[in-house]
$ cat input.cif   # mmCIF, C-alpha atoms
data_input
loop_
_atom_site.label_atom_id
_atom_site.label_comp_id
_atom_site.auth_asym_id
_atom_site.auth_seq_id
_atom_site.Cartn_x
_atom_site.Cartn_y
_atom_site.Cartn_z
CA MET A 129 108.53 182.11 153.09
CA SER A 130 107.16 179.03 154.62
CA TYR A 131 103.63 180.16 153.84
CA GLN A 132 104.58 180.74 150.26
CA ARG A 133 106.19 177.29 150.04
CA SER A 134 103.25 175.50 151.44
CA SER A 135 100.97 177.42 149.22
CA GLY A 136 103.04 176.39 146.17
CA CYS A 137 103.00 172.73 147.24
CA ASP A 138 99.25 172.72 147.74
CA SER A 139 98.58 174.33 144.44
CA MET A 140 100.87 171.82 142.71
CA LEU A 141 99.13 168.93 144.43
CA LYS A 142 95.78 170.29 143.45
CA ARG A 143 96.93 170.43 139.85
CA CYS A 144 98.58 167.02 139.82
CA LEU A 145 95.90 164.92 141.50
CA PRO A 146 93.38 165.09 138.68
CA LEU A 147 96.15 164.35 136.20
CA MET A 148 97.22 161.27 138.17
CA LYS A 149 93.66 160.04 138.41
CA LYS A 150 93.19 160.65 134.71
CA ARG A 151 96.36 158.80 133.80
CA GLN A 152 95.54 155.89 136.04
CA ARG A 153 92.10 155.45 134.50
CA LYS A 154 93.42 155.89 130.99
CA GLY A 155 96.13 153.31 131.54
CA ILE A 156 93.76 150.61 132.74
CA THR A 157 91.27 151.36 129.97
CA ASN A 158 94.01 151.03 127.39
CA VAL A 159 95.10 147.68 128.77
CA LEU A 160 91.54 146.41 128.88
CA GLY A 161 90.94 147.67 125.38
CA ALA A 162 94.05 145.94 124.14
CA ILE A 163 93.07 142.73 125.90
CA LEU A 164 89.61 142.74 124.36
CA PHE A 165 90.99 143.64 120.97
CA VAL A 166 93.59 140.86 121.01
CA PHE A 167 91.03 138.38 122.26
CA ALA A 168 88.51 139.36 119.63
CA ILE A 169 91.08 139.22 116.81
CA VAL A 170 92.39 135.81 117.88
CA ALA A 171 88.89 134.38 118.29
CA LEU A 172 87.58 135.79 115.00
CA THR A 173 90.64 134.77 113.03
CA SER A 174 90.49 131.23 114.39
CA ILE A 175 86.78 130.85 113.72
CA ILE A 176 87.02 132.29 110.21
CA ALA A 177 90.03 130.11 109.37
CA VAL A 178 88.42 126.89 110.57
CA VAL A 179 85.06 127.56 108.94
CA SER A 180 86.61 128.64 105.65
CA ILE A 181 88.72 125.49 105.49
CA GLU A 182 85.68 123.30 106.12
CA TYR A 183 83.58 125.28 103.66
CA GLY A 184 86.31 124.87 101.05
CA GLY A 185 86.21 121.11 101.61
CA TYR A 186 82.45 121.13 101.18
CA ILE A 187 82.69 123.07 97.93
CA ARG A 188 85.27 120.60 96.60
CA SER A 189 82.96 117.70 97.47
CA ALA A 190 80.02 119.40 95.71
CA ASP A 191 82.21 119.89 92.64
CA TYR A 192 83.23 116.22 92.77
CA LEU A 193 79.58 115.20 93.02
CA SER A 194 78.42 117.28 90.07
CA THR A 195 81.38 116.18 87.93
CA ILE A 196 80.98 112.46 88.54
CA GLU A 197 77.20 112.55 88.08
CA ARG A 198 77.53 114.53 84.84
CA GLU A 199 80.12 112.09 83.49
CA ARG A 200 77.96 109.19 84.62
CA SER A 201 74.95 110.48 82.73
CA GLN A 202 77.04 110.85 79.58
CA GLU A 203 78.13 107.20 79.49
CA CYS A 204 76.46 105.18 76.76
CA ILE A 205 77.25 101.78 75.28
CA ARG A 206 75.75 99.79 72.43
CA PHE A 207 76.11 96.08 71.94
CA ALA A 208 76.11 93.79 68.93
CA HIS A 209 76.80 90.08 69.01
CA THR A 210 77.87 87.09 67.03
CA THR A 211 78.28 83.43 67.87
CA ASP A 212 80.75 80.87 66.70
CA ALA A 213 79.98 77.33 65.56
CA PHE A 214 79.69 76.15 69.19
CA GLY A 215 77.29 78.90 70.22
CA GLN A 216 79.94 80.86 72.11
CA LEU A 217 78.72 84.41 72.58
CA LYS A 218 80.95 87.15 71.21
CA LEU A 219 80.07 90.76 71.93
CA ASN A 220 80.94 93.91 70.08
CA ILE A 221 80.87 96.73 72.59
CA THR A 222 80.86 100.29 71.26
CA ASN A 223 81.14 103.46 73.28
CA VAL A 224 78.59 105.85 71.80
CA GLY A 225 78.74 108.29 74.69
CA SER A 226 80.92 111.33 75.15
CA GLU A 227 83.03 110.06 78.03
CA THR A 228 85.70 107.40 78.28
CA ILE A 229 84.14 104.26 79.75
CA THR A 230 85.90 101.65 81.81
CA LEU A 231 84.04 98.38 82.36
CA ASN A 232 85.58 96.81 85.42
CA ASN A 233 83.04 94.25 86.65
CA LEU A 234 81.02 91.51 85.01
CA MET A 235 78.12 89.69 86.64
CA VAL A 236 76.60 86.53 85.21
CA HIS A 237 73.33 85.30 86.68
CA ASN A 238 72.65 81.82 85.39
CA LYS A 239 68.95 81.32 86.05
CA SER A 240 68.71 77.86 84.53
CA GLY A 241 71.39 76.15 86.58
CA GLY A 242 70.05 76.59 90.13
CA GLY A 243 70.41 80.35 90.10
CA ALA A 244 74.21 80.48 90.16
CA PHE A 245 75.52 84.03 90.36
CA THR A 246 79.11 84.99 89.67
CA ILE A 247 80.87 88.30 89.87
CA SER A 248 84.03 88.55 87.81
CA SER A 249 86.25 91.47 88.63
CA MET A 250 87.82 92.89 85.48
CA VAL A 251 89.90 95.40 87.41
CA ALA A 252 93.10 93.65 86.36
CA LEU A 253 92.09 93.71 82.70
CA PRO A 254 89.26 96.20 82.27
CA ILE A 255 87.70 97.20 78.98
CA THR A 256 88.48 100.87 78.44
CA LEU A 257 86.71 102.54 75.55
CA ASN A 258 87.21 106.11 74.44
CA PRO A 259 84.26 107.79 72.71
CA GLY A 260 83.64 106.03 69.40
CA MET A 261 85.88 103.09 70.20
CA ALA A 262 84.69 99.47 70.01
CA GLN A 263 85.78 96.21 71.58
CA ILE A 264 85.27 93.49 68.98
CA ASN A 265 84.49 89.84 69.74
CA TYR A 266 84.61 90.06 73.49
CA VAL A 267 84.02 86.57 74.88
CA VAL A 268 82.00 86.17 78.06
CA ALA A 269 83.40 82.98 79.48
CA GLY A 270 80.84 80.23 80.03
CA VAL A 271 77.97 81.91 78.21
CA ASN A 272 76.72 80.10 75.11
CA LEU A 273 73.61 80.71 73.07
CA LEU A 274 71.95 77.32 73.40
CA TYR A 275 68.27 76.43 73.65
CA THR A 276 68.70 75.72 77.36
CA THR A 277 70.47 78.99 78.14
CA ASP A 278 68.68 81.34 80.54
CA CYS A 279 70.98 83.94 81.97
CA THR A 280 71.60 87.63 82.49
CA VAL A 281 74.98 89.23 81.83
CA THR A 282 75.63 92.61 83.42
CA PHE A 283 78.60 94.88 82.84
CA VAL A 284 79.29 97.49 85.51
CA SER A 285 81.26 100.58 84.61
CA GLU A 286 83.74 102.40 86.81
CA ARG A 287 81.15 105.15 87.37
CA GLY A 288 78.50 102.70 88.53
CA ASN A 289 76.40 102.40 85.38
CA THR A 290 75.11 98.94 84.50
CA TYR A 291 74.61 97.46 81.04
CA ILE A 292 72.41 94.39 80.97
CA ILE A 293 72.21 91.61 78.39
CA VAL A 294 69.41 89.08 78.78
CA ILE A 295 69.80 85.72 77.10
CA GLU A 296 66.94 83.23 76.85
CA GLY A 297 67.70 80.24 74.66
CA ILE A 298 69.09 81.58 71.43
CA SER A 299 67.40 84.95 71.89
CA ILE A 300 69.37 87.87 73.22
CA TRP A 301 68.22 91.33 74.34
CA TYR A 302 70.32 94.38 74.99
CA ARG A 303 70.42 98.06 74.18
CA ASP A 304 71.37 98.43 70.53
CA MET B 42 105.24 163.21 143.54
CA ARG B 43 107.53 161.48 141.11
CA MET B 44 107.70 158.41 143.33
CA MET B 45 103.91 158.24 143.59
CA ARG B 46 103.52 158.52 139.84
CA ARG B 47 106.14 155.87 139.21
CA SER B 48 104.61 153.52 141.71
CA ARG B 49 101.13 153.77 140.09
CA ARG B 50 102.52 153.38 136.61
CA GLY B 51 104.38 150.29 137.79
CA VAL B 52 101.24 148.68 139.14
CA SER B 53 99.47 149.29 135.85
CA GLU B 54 102.30 147.62 133.94
CA VAL B 55 102.24 144.65 136.29
CA VAL B 56 98.48 144.35 135.83
CA ALA B 57 98.86 144.55 132.07
CA THR B 58 101.61 141.92 132.08
CA LEU B 59 99.54 139.62 134.25
CA ALA B 60 96.56 140.15 131.99
CA LEU B 61 98.61 139.33 128.88
CA VAL B 62 100.02 136.24 130.55
CA ALA B 63 96.50 135.20 131.47
CA ILE B 64 95.34 135.77 127.88
CA THR B 65 98.25 133.77 126.52
CA LEU B 66 97.52 130.90 128.88
CA ALA B 67 93.82 131.04 128.02
CA ALA B 68 94.60 131.05 124.29
CA MET B 69 96.97 128.12 124.71
CA ALA B 70 94.32 126.23 126.66
CA ILE B 71 91.77 126.92 123.90
CA TYR B 72 94.16 125.72 121.20
CA VAL B 73 95.13 122.59 123.16
CA GLN B 74 91.45 121.85 123.65
CA ALA B 75 90.80 122.44 119.95
CA PHE B 76 93.63 120.10 118.93
CA ASN B 77 92.35 117.44 121.31
CA THR B 78 88.87 117.82 119.86
CA TYR B 79 90.24 117.66 116.32
CA PHE B 80 92.24 114.49 116.91
CA ALA B 81 89.36 112.88 118.78
CA GLY B 82 87.31 113.29 115.59
CA GLU B 83 84.82 115.67 117.16
CA THR B 84 83.71 118.88 115.49
CA GLY B 85 81.83 122.02 116.27
CA LEU B 86 78.33 122.61 114.93
CA LEU B 87 79.13 124.66 111.82
CA THR B 88 82.27 122.67 111.04
CA GLY B 89 80.34 119.45 111.54
CA ILE B 90 77.61 120.49 109.12
CA PHE B 91 80.15 121.20 106.35
CA ARG B 92 82.16 118.07 107.08
CA ILE B 93 79.15 115.75 107.14
CA GLY B 94 77.83 117.34 103.93
CA ALA B 95 81.18 116.83 102.23
CA GLU B 96 81.38 113.19 103.33
CA GLN B 97 77.85 112.61 102.02
CA ASN B 98 78.81 114.08 98.66
CA PHE B 99 81.89 111.87 98.40
CA GLU B 100 79.90 108.72 99.12
CA ARG B 101 78.29 107.29 95.97
CA ILE B 102 76.76 103.84 95.61
CA SER B 103 74.51 102.37 92.94
CA ILE B 104 72.22 99.37 92.86
CA ALA B 105 73.64 97.26 90.04
CA TYR B 106 71.42 94.18 90.07
CA LEU B 107 68.64 92.48 92.02
CA PHE B 108 67.43 88.89 92.06
CA GLN B 109 66.00 86.30 94.38
CA ASN B 110 66.07 82.55 94.71
CA ASP B 111 63.10 80.43 93.90
CA THR B 112 60.66 81.34 96.68
CA GLN B 113 59.52 77.69 96.84
CA LEU B 114 62.94 76.75 98.13
CA GLU B 115 63.83 76.89 101.78
CA GLY B 116 66.14 79.76 102.59
CA ALA B 117 65.00 81.83 99.64
CA SER B 118 66.45 85.32 99.82
CA LEU B 119 66.60 88.56 97.95
CA TYR B 120 70.07 89.51 96.69
CA VAL B 121 71.21 93.04 95.89
CA ALA B 122 74.42 93.83 94.02
CA LEU B 123 75.80 97.21 95.12
CA TYR B 124 78.67 99.09 93.55
CA ASN B 125 80.61 101.86 95.24
CA TYR B 126 81.72 104.43 92.65
CA GLY B 127 82.41 107.21 95.14
CA ALA B 128 85.54 108.45 96.80
CA ARG B 129 84.71 107.09 100.26
CA ASN B 130 84.05 103.64 101.65
CA SER B 131 80.37 103.16 102.30
CA THR B 132 78.62 101.28 105.10
CA VAL B 133 75.08 100.00 104.58
CA VAL B 134 73.09 100.08 107.82
CA LYS B 135 69.47 99.71 106.77
CA VAL B 136 67.46 98.36 103.87
CA VAL B 137 63.85 99.34 103.28
CA ILE B 138 61.72 97.19 100.97
CA ASP B 139 58.32 98.70 100.24
CA THR B 140 57.19 99.42 103.82
CA ASP B 141 59.42 96.95 105.67
CA THR B 142 62.59 98.22 107.31
CA LEU B 143 65.28 95.59 107.66
CA GLU B 144 67.91 96.19 110.31
CA TYR B 145 70.91 95.14 108.31
CA THR B 146 74.18 94.10 109.94
CA PRO B 147 76.44 96.95 108.85
CA SER B 148 78.63 95.95 105.95
CA THR B 149 81.26 98.14 104.34
CA ILE B 150 81.66 98.48 100.60
CA ASN B 151 85.07 99.79 99.65
CA THR B 152 85.61 102.26 96.86
CA GLY B 153 85.42 100.58 93.44
CA GLU B 154 84.04 97.37 94.94
CA LEU B 155 81.00 95.40 93.78
CA VAL B 156 79.37 93.35 96.54
CA LEU B 157 76.34 91.12 96.81
CA LEU B 158 74.09 91.67 99.84
CA ARG B 159 71.83 88.83 100.95
CA LEU B 160 68.60 89.98 102.56
CA ASN B 161 66.43 87.66 104.64
CA GLN B 162 63.35 88.78 102.78
CA THR B 163 61.51 87.76 99.66
CA VAL B 164 59.12 89.73 97.51
CA THR B 165 56.25 88.69 95.30
CA VAL B 166 57.21 87.95 91.72
CA GLY B 167 55.60 89.98 88.94
CA SER B 168 54.73 93.09 90.93
CA VAL B 169 56.67 96.32 91.29
CA HIS B 170 58.57 96.97 94.52
CA VAL B 171 60.74 99.76 95.88
CA ILE B 172 64.03 99.16 97.61
CA SER B 173 65.99 101.82 99.50
CA ILE B 174 69.51 101.38 100.79
CA ILE B 175 70.44 103.64 103.73
CA THR B 176 74.09 104.21 104.53
CA GLU B 177 75.88 105.24 107.68
CA LYS B 178 76.44 108.73 106.26
CA ASN B 179 72.68 108.98 105.80
CA ASN B 180 72.65 108.73 102.01
CA VAL B 181 69.69 106.92 100.50
CA VAL B 182 69.77 105.04 97.20
CA SER B 183 66.40 103.88 95.92
CA THR B 184 65.13 102.04 92.89
CA GLN B 185 62.00 100.36 91.66
CA PHE B 186 62.22 96.75 90.55
CA ARG B 187 60.12 93.84 89.40
CA LEU B 188 61.23 90.22 89.47
#
$ encode --input "input.cif" --output "structure tokens"
Amino acid sequence: MSYQRSSGCDSMLKRCLPLMKKRQRKGITNVLGAILFVFAIVALTSIIAVVSIEYGGYIRSADYLSTIERERSQECIRFAHTTDAFGQLKLNITNVGSETITLNNLMVHNKSGGGAFTISSMVALPITLNPGMAQINYVVAGVNLLYTTDCTVTFVSERGNTYIIVIEGISIWYRD
Amino acid sequence: MRMMRRSRRGVSEVVATLALVAITLAAMAIYVQAFNTYFAGETGLLTGIFRIGAEQNFERISIAYLFQNDTQLEGASLYVALYNYGARNSTVVKVVIDTDTLEYTPSTINTGELVLLRLNQTVTVGSVHVISIITEKNNVVSTQFRL
């Protein structure tokens, strides 16, 4: 009886040992696999999320750049002028482009009077012209068409375009 | 037999738990480090490339006008009117006139602002020159001019 028992125990042990070893190895491999998988997923997800957000920002900036440069190239203004009895310059400003133009700065460089240079911000009261619109009789303060006049008047638009009017004596040059 | 099996299975679970705790702590450390880096204004290589490119695209300045005083006068200077029409404030760090590089004291031009820069340099009247404005974000605005 005892021989039979011991024989049964041995045979059971012999059968179980490989199974135990197998299970042990499989268990550790599974854990390691799960660890690597979780680590890889977390790392990849984080990297992809961060890079895609930054790439999205870059694409938005490129879109902004192309839009503003296209609008800038489509700005176009034509001038005409009159003077009153005292030589006061009055400008007719017409938007002949295809974009709305906002003139928000005016520079006057008086070359005859010691080179005085003034920048007048028109932000508070800008000239906004839709396509085809005109501003009639716009007075540039302090600029008269006299024989002694020698100055340059420059309008700067919101998109950074400049429109220059050169005045020498009673002669005036601009884009017409 | 059962006790042996249980005991080994238990060790494996403890190891797995420890490993997961270690992973969690490592992940938390990485995220804390990333947040610190983010709030310190630092970026990784790829992120930095995109971010710098985007900032460059948002920065737009134009040279509106150029003139200089009578060169016979003492203290004659070249003046440059710059207008910022971009979506970011711009800082001018260098000015290059023809082949001369002027180290310019950095000055910031806010969005929508028109400023006059005074350069301690004069150029010959009647000939064509090239001026380049270099900003902190490494944008370059150039134009030819003749006075």
$ atom_distance --input "input.cif" --atom1 "atom CA of Leu188 of chain B" --atom2 "atom CA of Gly270 of chain A"
23.9 Å
$ closest_atom_pairs --input "input.cif" --of "chain A" --to "chain B" --cutoff "8 Å" --atoms "only C-alpha atoms" --output "JSON lines"
{"residue": "A:Met148", "atom": "CA", "partner": "B:Arg46", "partner_atom": "CA", "distance": 7.1}
{"residue": "A:Gln152", "atom": "CA", "partner": "B:Arg49", "partner_atom": "CA", "distance": 7.2}
{"residue": "A:Gly155", "atom": "CA", "partner": "B:Ser53", "partner_atom": "CA", "distance": 6.8}
{"residue": "A:Ile156", "atom": "CA", "partner": "B:Ser53", "partner_atom": "CA", "distance": 6.6}
{"residue": "A:Val159", "atom": "CA", "partner": "B:Ala57", "partner_atom": "CA", "distance": 5.9}
{"residue": "A:Ile163", "atom": "CA", "partner": "B:Leu61", "partner_atom": "CA", "distance": 7.2}
{"residue": "A:Phe167", "atom": "CA", "partner": "B:Ile64", "partner_atom": "CA", "distance": 7.5}
{"residue": "A:Val178", "atom": "CA", "partner": "B:Thr88", "partner_atom": "CA", "distance": 7.5}
{"residue": "A:Val179", "atom": "CA", "partner": "B:Thr88", "partner_atom": "CA", "distance": 6.0}
{"residue": "A:Glu182", "atom": "CA", "partner": "B:Phe91", "partner_atom": "CA", "distance": 5.9}
{"residue": "A:Tyr183", "atom": "CA", "partner": "B:Phe91", "partner_atom": "CA", "distance": 6.0}
{"residue": "A:Gly185", "atom": "CA", "partner": "B:Ala95", "partner_atom": "CA", "distance": 6.6}
{"residue": "A:Tyr186", "atom": "CA", "partner": "B:Ala95", "partner_atom": "CA", "distance": 4.6}
{"residue": "A:Ile187", "atom": "CA", "partner": "B:Ala95", "partner_atom": "CA", "distance": 7.7}
{"residue": "A:Arg188", "atom": "CA", "partner": "B:Ala95", "partner_atom": "CA", "distance": 7.9}
{"residue": "A:Ser189", "atom": "CA", "partner": "B:Ala95", "partner_atom": "CA", "distance": 5.2}
{"residue": "A:Ala190", "atom": "CA", "partner": "B:Asn98", "partner_atom": "CA", "distance": 6.2}
{"residue": "A:Tyr192", "atom": "CA", "partner": "B:Phe99", "partner_atom": "CA", "distance": 7.2}
{"residue": "A:Leu193", "atom": "CA", "partner": "B:Asn98", "partner_atom": "CA", "distance": 5.8}
{"residue": "A:Asn233", "atom": "CA", "partner": "B:Leu155", "partner_atom": "CA", "distance": 7.5}
{"residue": "A:Gly243", "atom": "CA", "partner": "B:Asn110", "partner_atom": "CA", "distance": 6.7}
{"residue": "A:Val284", "atom": "CA", "partner": "B:Ala105", "partner_atom": "CA", "distance": 7.2}
{"residue": "A:Glu286", "atom": "CA", "partner": "B:Tyr126", "partner_atom": "CA", "distance": 6.5}
{"residue": "A:Arg287", "atom": "CA", "partner": "B:Tyr126", "partner_atom": "CA", "distance": 5.4}
{"residue": "A:Gly288", "atom": "CA", "partner": "B:Tyr126", "partner_atom": "CA", "distance": 5.5}
{"residue": "A:Asn289", "atom": "CA", "partner": "B:Ala105", "partner_atom": "CA", "distance": 7.5}
{"residue": "A:Thr290", "atom": "CA", "partner": "B:Ala105", "partner_atom": "CA", "distance": 6.0}
$ write_last_selection --input "input.cif" --atoms "C-alpha atoms" --output "compact mmCIF listing (two decimals), in the coordinates of the input"
# COMPACT_ATOMS: atom_id res chain seq x y z
CA MET A 148 97.22 161.27 138.17
CA GLN A 152 95.54 155.89 136.04
CA GLY A 155 96.13 153.31 131.54
CA ILE A 156 93.76 150.61 132.74
CA VAL A 159 95.10 147.68 128.77
CA ILE A 163 93.07 142.73 125.90
CA PHE A 167 91.03 138.38 122.26
CA VAL A 178 88.42 126.89 110.57
CA VAL A 179 85.06 127.56 108.94
CA GLU A 182 85.68 123.30 106.12
CA TYR A 183 83.58 125.28 103.66
CA GLY A 185 86.21 121.11 101.61
CA TYR A 186 82.45 121.13 101.18
CA ILE A 187 82.69 123.07 97.93
CA ARG A 188 85.27 120.60 96.60
CA SER A 189 82.96 117.70 97.47
CA ALA A 190 80.02 119.40 95.71
CA TYR A 192 83.23 116.22 92.77
CA LEU A 193 79.58 115.20 93.02
CA ASN A 233 83.04 94.25 86.65
CA GLY A 243 70.41 80.35 90.10
CA VAL A 284 79.29 97.49 85.51
CA GLU A 286 83.74 102.40 86.81
CA ARG A 287 81.15 105.15 87.37
CA GLY A 288 78.50 102.70 88.53
CA ASN A 289 76.40 102.40 85.38
CA THR A 290 75.11 98.94 84.50
$ residues_around --input "input.cif" --residues "segment 199-215 of chain A" --least-positions-apart "4" --cutoff "8 Å" --atoms "all atoms listed in the file" --output "ChimeraX atom specification"
/A:195,219-229,265,272-274,287-289,291,302-304
$ resolve_selection --input "input.cif" --expression "the PyMOL selection byres ((chain B and resi 176) around 12)" --output "JSON, numbers by chain"
{"B": [96, 97, 100, 101, 102, 103, 123, 125, 129, 130, 131, 132, 133, 134, 135, 136, 137, 144, 145, 146, 147, 148, 149, 150, 173, 174, 175, 177, 178, 179, 180, 181, 182, 183]}
$ atom_distance --input "input.cif" --atom1 "atom CA of Val267 of chain A" --atom2 "atom CA of Thr152 of chain B"
27.1 Å
$ atom_distance --input "input.cif" --atom1 "atom CA of Asp191 of chain A" --atom2 "atom CA of Pro259 of chain A"
23.4 Å
$ resolve_selection --input "input.cif" --expression "the PyMOL selection byres ((chain B and resi 160-169) around 9)" --output "list in words"
Gln109, Asn110, Thr112, Gly116, Ala117, Ser118, Leu119, Tyr120, Val121, Val136, Ile138, Leu143, Tyr145, Leu158, Arg159, His170, Val171, Gln185, Phe186, Arg187 and Leu188 of chain B
$ resolve_selection --input "input.cif" --expression "the PyMOL selection byres ((chain A and resi 247) around 8)" --output "MDAnalysis selection string"
chainID A and resid 233:236 245:246 248:249
$ axis_aligned_box --input "input.cif" --around "segment 147-161 of chain B" --padding-each-side "5 Å" --output "AutoDock Vina command-line options"
--center_x 76.0 --center_y 95.0 --center_z 101.1 --size_x 29.2 --size_y 24.6 --size_z 25.4
$ closest_residue --input "input.cif" --among "A:Val166, A:Ala262, A:Met250, A:Ile300" --to "Ser285 of chain A" --atoms "all atoms listed in the file"
A:Met250
$ closest_residue --input "input.cif" --among "A:Gln216, A:Asn232, A:Asn238, A:Asn258" --to "Ile298 of chain A" --atoms "only C-alpha atoms"
A:Gln216
